[in-house]
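Have a look at start24.pdb; it's PDB, C-alpha atoms:
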```pdb
MODEL        1
ATOM      1  CA  MET A  19     134.707 105.959 100.186
ATOM      2  CA  ALA A  20     130.941 106.450 100.199
ATOM      3  CA  GLU A  21     128.959 105.251 103.176
ATOM      4  CA  ASP A  22     126.884 102.093 102.714
ATOM      5  CA  VAL A  23     123.164 102.609 102.135
ATOM      6  CA  ILE A  24     120.946 101.063 104.802
ATOM      7  CA  ARG A  25     117.183 101.067 105.445
ATOM      8  CA  LYS A  26     115.446 101.176 108.816
ATOM      9  CA  HIS A  27     111.832 100.762 109.871
ATOM     10  CA  PHE A  28     110.592 102.774 112.874
ATOM     11  CA  TYR A  29     107.556 103.061 115.103
ATOM     12  CA  PHE A  30     107.559 106.229 117.226
ATOM     13  CA  GLU A  31     105.409 106.742 120.335
ATOM     14  CA  GLY A  32     104.793 109.883 122.375
ATOM     15  CA  ARG A  33     103.724 113.333 121.217
ATOM     16  CA  VAL A  34     104.307 112.512 117.563
ATOM     17  CA  GLN A  35     100.986 113.356 115.871
ATOM     18  CA  GLY A  36      99.649 116.874 115.397
ATOM     19  CA  VAL A  37     103.098 118.399 116.009
ATOM     20  CA  GLY A  38     104.550 118.490 112.476
ATOM     21  CA  PHE A  39     106.493 115.217 112.811
ATOM     22  CA  ARG A  40     105.812 114.064 109.235
ATOM     23  CA  TYR A  41     106.552 117.468 107.702
ATOM     24  CA  LYS A  42     109.781 117.775 109.699
ATOM     25  CA  ALA A  43     110.767 114.229 108.644
ATOM     26  CA  MET A  44     110.178 115.115 104.965
ATOM     27  CA  TYR A  45     112.183 118.342 105.300
ATOM     28  CA  LEU A  46     115.086 116.592 107.036
ATOM     29  CA  ALA A  47     115.063 113.739 104.521
ATOM     30  CA  SER A  48     115.410 116.200 101.641
ATOM     31  CA  GLN A  49     118.230 118.055 103.449
ATOM     32  CA  LEU A  50     120.084 114.825 104.288
ATOM     33  CA  ASP A  51     119.524 113.047 100.934
ATOM     34  CA  LEU A  52     117.410 110.264 102.489
ATOM     35  CA  THR A  53     114.526 108.353 100.908
ATOM     36  CA  GLY A  54     111.565 106.488 102.377
ATOM     37  CA  TRP A  55     108.179 107.385 103.793
ATOM     38  CA  VAL A  56     106.362 108.427 106.976
ATOM     39  CA  ASP A  57     102.744 107.880 108.069
ATOM     40  CA  ASN A  58     100.449 108.474 111.042
ATOM     41  CA  LEU A  59      98.881 105.335 112.518
ATOM     42  CA  TRP A  60      95.385 105.031 113.952
ATOM     43  CA  ASP A  61      96.767 104.288 117.446
ATOM     44  CA  GLY A  62      98.651 107.584 117.774
ATOM     45  CA  ARG A  63     102.058 106.282 116.700
ATOM     46  CA  VAL A  64     104.046 107.335 113.629
ATOM     47  CA  GLU A  65     105.547 104.722 111.298
ATOM     48  CA  MET A  66     108.561 105.526 109.138
ATOM     49  CA  GLU A  67     110.974 103.814 106.784
ATOM     50  CA  VAL A  68     114.129 105.716 105.971
ATOM     51  CA  GLN A  69     117.015 104.828 103.681
ATOM     52  CA  GLY A  70     120.466 106.320 103.229
ATOM     53  CA  GLY A  71     123.730 106.545 105.077
ATOM     54  CA  GLU A  72     123.720 105.601 108.762
ATOM     55  CA  ALA A  73     125.206 108.952 109.822
ATOM     56  CA  ALA A  74     122.469 110.850 107.949
ATOM     57  CA  ILE A  75     119.740 108.669 109.488
ATOM     58  CA  ASP A  76     121.217 109.272 112.957
ATOM     59  CA  LYS A  77     121.282 113.024 112.275
ATOM     60  CA  MET A  78     117.616 112.923 111.191
ATOM     61  CA  LEU A  79     116.643 111.128 114.410
ATOM     62  CA  ALA A  80     118.606 113.591 116.538
ATOM     63  CA  ARG A  81     116.907 116.563 114.882
ATOM     64  CA  LEU A  82     113.443 115.011 115.224
ATOM     65  CA  SER A  83     114.140 114.289 118.903
ATOM     66  CA  GLY A  84     115.435 117.828 119.419
ATOM     67  CA  ASP A  85     112.326 119.505 118.009
ATOM     68  CA  ARG A  86     110.551 121.523 120.703
ATOM     69  CA  PHE A  87     107.079 120.283 119.713
ATOM     70  CA  ILE A  88     107.897 116.598 119.186
ATOM     71  CA  ARG A  89     108.369 114.310 122.188
ATOM     72  CA  ILE A  90     109.491 110.770 121.303
ATOM     73  CA  GLU A  91     108.794 108.553 124.320
ATOM     74  CA  GLY A  92     109.317 105.183 122.666
ATOM     75  CA  MET A  93     110.891 103.920 119.477
ATOM     76  CA  GLU A  94     110.981 100.492 117.860
ATOM     77  CA  VAL A  95     113.553 100.096 115.113
ATOM     78  CA  ALA A  96     114.473  97.265 112.749
ATOM     79  CA  ASP A  97     116.935  96.927 109.896
ATOM     80  CA  ILE A  98     115.153  96.014 106.663
ATOM     81  CA  PRO A  99     116.252  95.408 103.037
ATOM     82  CA  VAL A 100     117.209  98.406 100.885
ATOM     83  CA  GLU A 101     114.643  99.381  98.224
ATOM     84  CA  THR A 102     114.866 101.284  94.963
ATOM     85  CA  GLU A 103     113.261 104.699  95.361
ATOM     86  CA  ARG A 104     114.047 108.327  94.633
ATOM     87  CA  SER A 105     112.272 110.389  97.284
ATOM     88  CA  PHE A 106     110.816 110.596 100.776
ATOM     89  CA  LYS A 107     107.011 110.670 100.881
ATOM     90  CA  MET A 108     104.287 111.319 103.374
ATOM     91  CA  LYS A 109     101.752 108.481 103.074
ATOM     92  CA  GLY A 110      98.056 109.226 103.066
ATOM     93  CA  TYR A 111      98.488 112.345 100.879
TER
ENDMDL
END
```

Do you think you could lay out the structure here as structure tokens?
Amino acid sequence: MAEDVIRKHFYFEGRVQGVGFRYKAMYLASQLDLTGWVDNLWDGRVEMEVQGGEAAIDKMLARLSGDRFIRIEGMEVADIPVETERSFKMKGY
């Protein structure tokens, strides 16, 4: 049985800008068959919405957290409604 599709909204704090966070998120999303988007915020945080299976989303978060350049010091997360989309994008580009 296929895993249910869920969507989560995140705000990440810490050393999350200027360290390849968005590029790593896009790479992981393509590897894990996730959709959504990621964007840098003016206050130094990164905002992300990601959609797919819960196990794949958890794996993405673990790999982002395990990156030697990225340091996530705080994370807000909320469950949000699933959307229709086909890819994972980096906003602002």

| task | Name the residues that the PyMOL selection byres ((chain A and resi 67) around 10) pulls out of this structure, and write them as a VMD selection string. | result | chain A and resid 25 to 29 53 to 57 65 to 66 68 to 69 95 to 98 106 to 107

| Pick the closest to Ile75 in chain A from A:Val37, A:Val100, A:Leu52, A:Leu59: which is it, counting all atoms listed in the file? | A:Leu52

| remark: Restricting to only C-alpha atoms, whichever of A:Ala47, A:Met108, A:Val23, A:Val34 is closest to Met78 in chain A is A:Ala47

| field | Result set of the PyMOL selection byres ((chain A and resi 87) around 12) on the coordinates above, as JSON, numbers by chain | value | {"A": [32, 33, 34, 35, 36, 37, 38, 39, 42, 81, 82, 83, 84, 85, 86, 88, 89, 90]}

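Our summary of the geometry notes that CA of Asn58 in chain A is positioned 17.2 Å from CA of Leu46 in chain A.
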
| Atom-to-atom span, CA of Lys109 in chain A and CA of Asp22 in chain A, Å | 25.9 Å

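Here CA of Ala43 in chain A is placed at a distance of 14.3 Å from CA of Arg63 in chain A.
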
| query | Which one of A:Asp76, A:Gly92, A:Gly110, A:Thr102 sits closest to Trp60 in chain A if you count all atoms listed in the file? | reply | A:Gly110

| field | For Glu94 in chain A, the nearest of the candidates A:Lys77, A:Gly62, A:Ile24, A:Glu31, counting all atoms listed in the file | value | A:Glu31

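Against this structure, the PyMOL selection byres ((chain A and resi 71) around 6) ends up with Glu21, Asp22, Val23, Gly70, Glu72, Ala73 and Ala74 of chain A.
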
For range 34-48 of chain A, where the input has fewer atoms than it should, I would like N, CA, C and O atoms rebuilt and written as a short mmCIF file (atom, residue, chain, number, x, y, z; two decimals), in the frame of the given file.
```
data_model
loop_
_atom_site.label_atom_id
_atom_site.label_comp_id
_atom_site.auth_asym_id
_atom_site.auth_seq_id
_atom_site.Cartn_x
_atom_site.Cartn_y
_atom_site.Cartn_z
N VAL A 34 103.76 112.62 118.91
CA VAL A 34 104.31 112.51 117.56
C VAL A 34 103.27 112.79 116.47
O VAL A 34 103.62 112.83 115.30
N GLN A 35 102.01 112.98 116.85
CA GLN A 35 100.99 113.36 115.87
C GLN A 35 100.46 114.74 116.23
O GLN A 35 100.35 115.10 117.40
N GLY A 36 100.16 115.53 115.19
CA GLY A 36 99.65 116.87 115.40
C GLY A 36 100.72 117.88 115.80
O GLY A 36 100.40 118.96 116.28
N VAL A 37 101.99 117.52 115.62
CA VAL A 37 103.10 118.40 116.01
C VAL A 37 104.07 118.64 114.85
O VAL A 37 105.17 119.14 115.07
N GLY A 38 103.70 118.27 113.64
CA GLY A 38 104.55 118.49 112.48
C GLY A 38 105.62 117.44 112.27
O GLY A 38 106.57 117.67 111.52
N PHE A 39 105.48 116.28 112.91
CA PHE A 39 106.49 115.22 112.81
C PHE A 39 106.73 114.82 111.36
O PHE A 39 107.88 114.76 110.91
N ARG A 40 105.65 114.55 110.62
CA ARG A 40 105.81 114.06 109.24
C ARG A 40 106.43 115.13 108.34
O ARG A 40 107.28 114.83 107.51
N TYR A 41 106.00 116.38 108.52
CA TYR A 41 106.55 117.47 107.70
C TYR A 41 108.03 117.68 108.02
O TYR A 41 108.85 117.88 107.13
N LYS A 42 108.38 117.62 109.30
CA LYS A 42 109.78 117.78 109.70
C LYS A 42 110.61 116.62 109.14
O LYS A 42 111.72 116.82 108.66
N ALA A 43 110.06 115.39 109.19
CA ALA A 43 110.77 114.23 108.64
C ALA A 43 111.02 114.41 107.15
O ALA A 43 112.11 114.13 106.66
N MET A 44 110.01 114.90 106.40
CA MET A 44 110.18 115.12 104.96
C MET A 44 111.24 116.18 104.70
O MET A 44 112.08 116.03 103.81
N TYR A 45 111.21 117.26 105.47
CA TYR A 45 112.18 118.34 105.30
C TYR A 45 113.60 117.82 105.57
O TYR A 45 114.51 118.06 104.78
N LEU A 46 113.77 117.12 106.68
CA LEU A 46 115.09 116.59 107.04
C LEU A 46 115.58 115.58 106.00
O LEU A 46 116.76 115.58 105.64
N ALA A 47 114.68 114.73 105.53
CA ALA A 47 115.06 113.74 104.52
C ALA A 47 115.59 114.42 103.27
O ALA A 47 116.61 114.00 102.71
N SER A 48 114.94 115.50 102.84
CA SER A 48 115.41 116.20 101.64
C SER A 48 116.76 116.87 101.91
O SER A 48 117.63 116.88 101.04
#
```
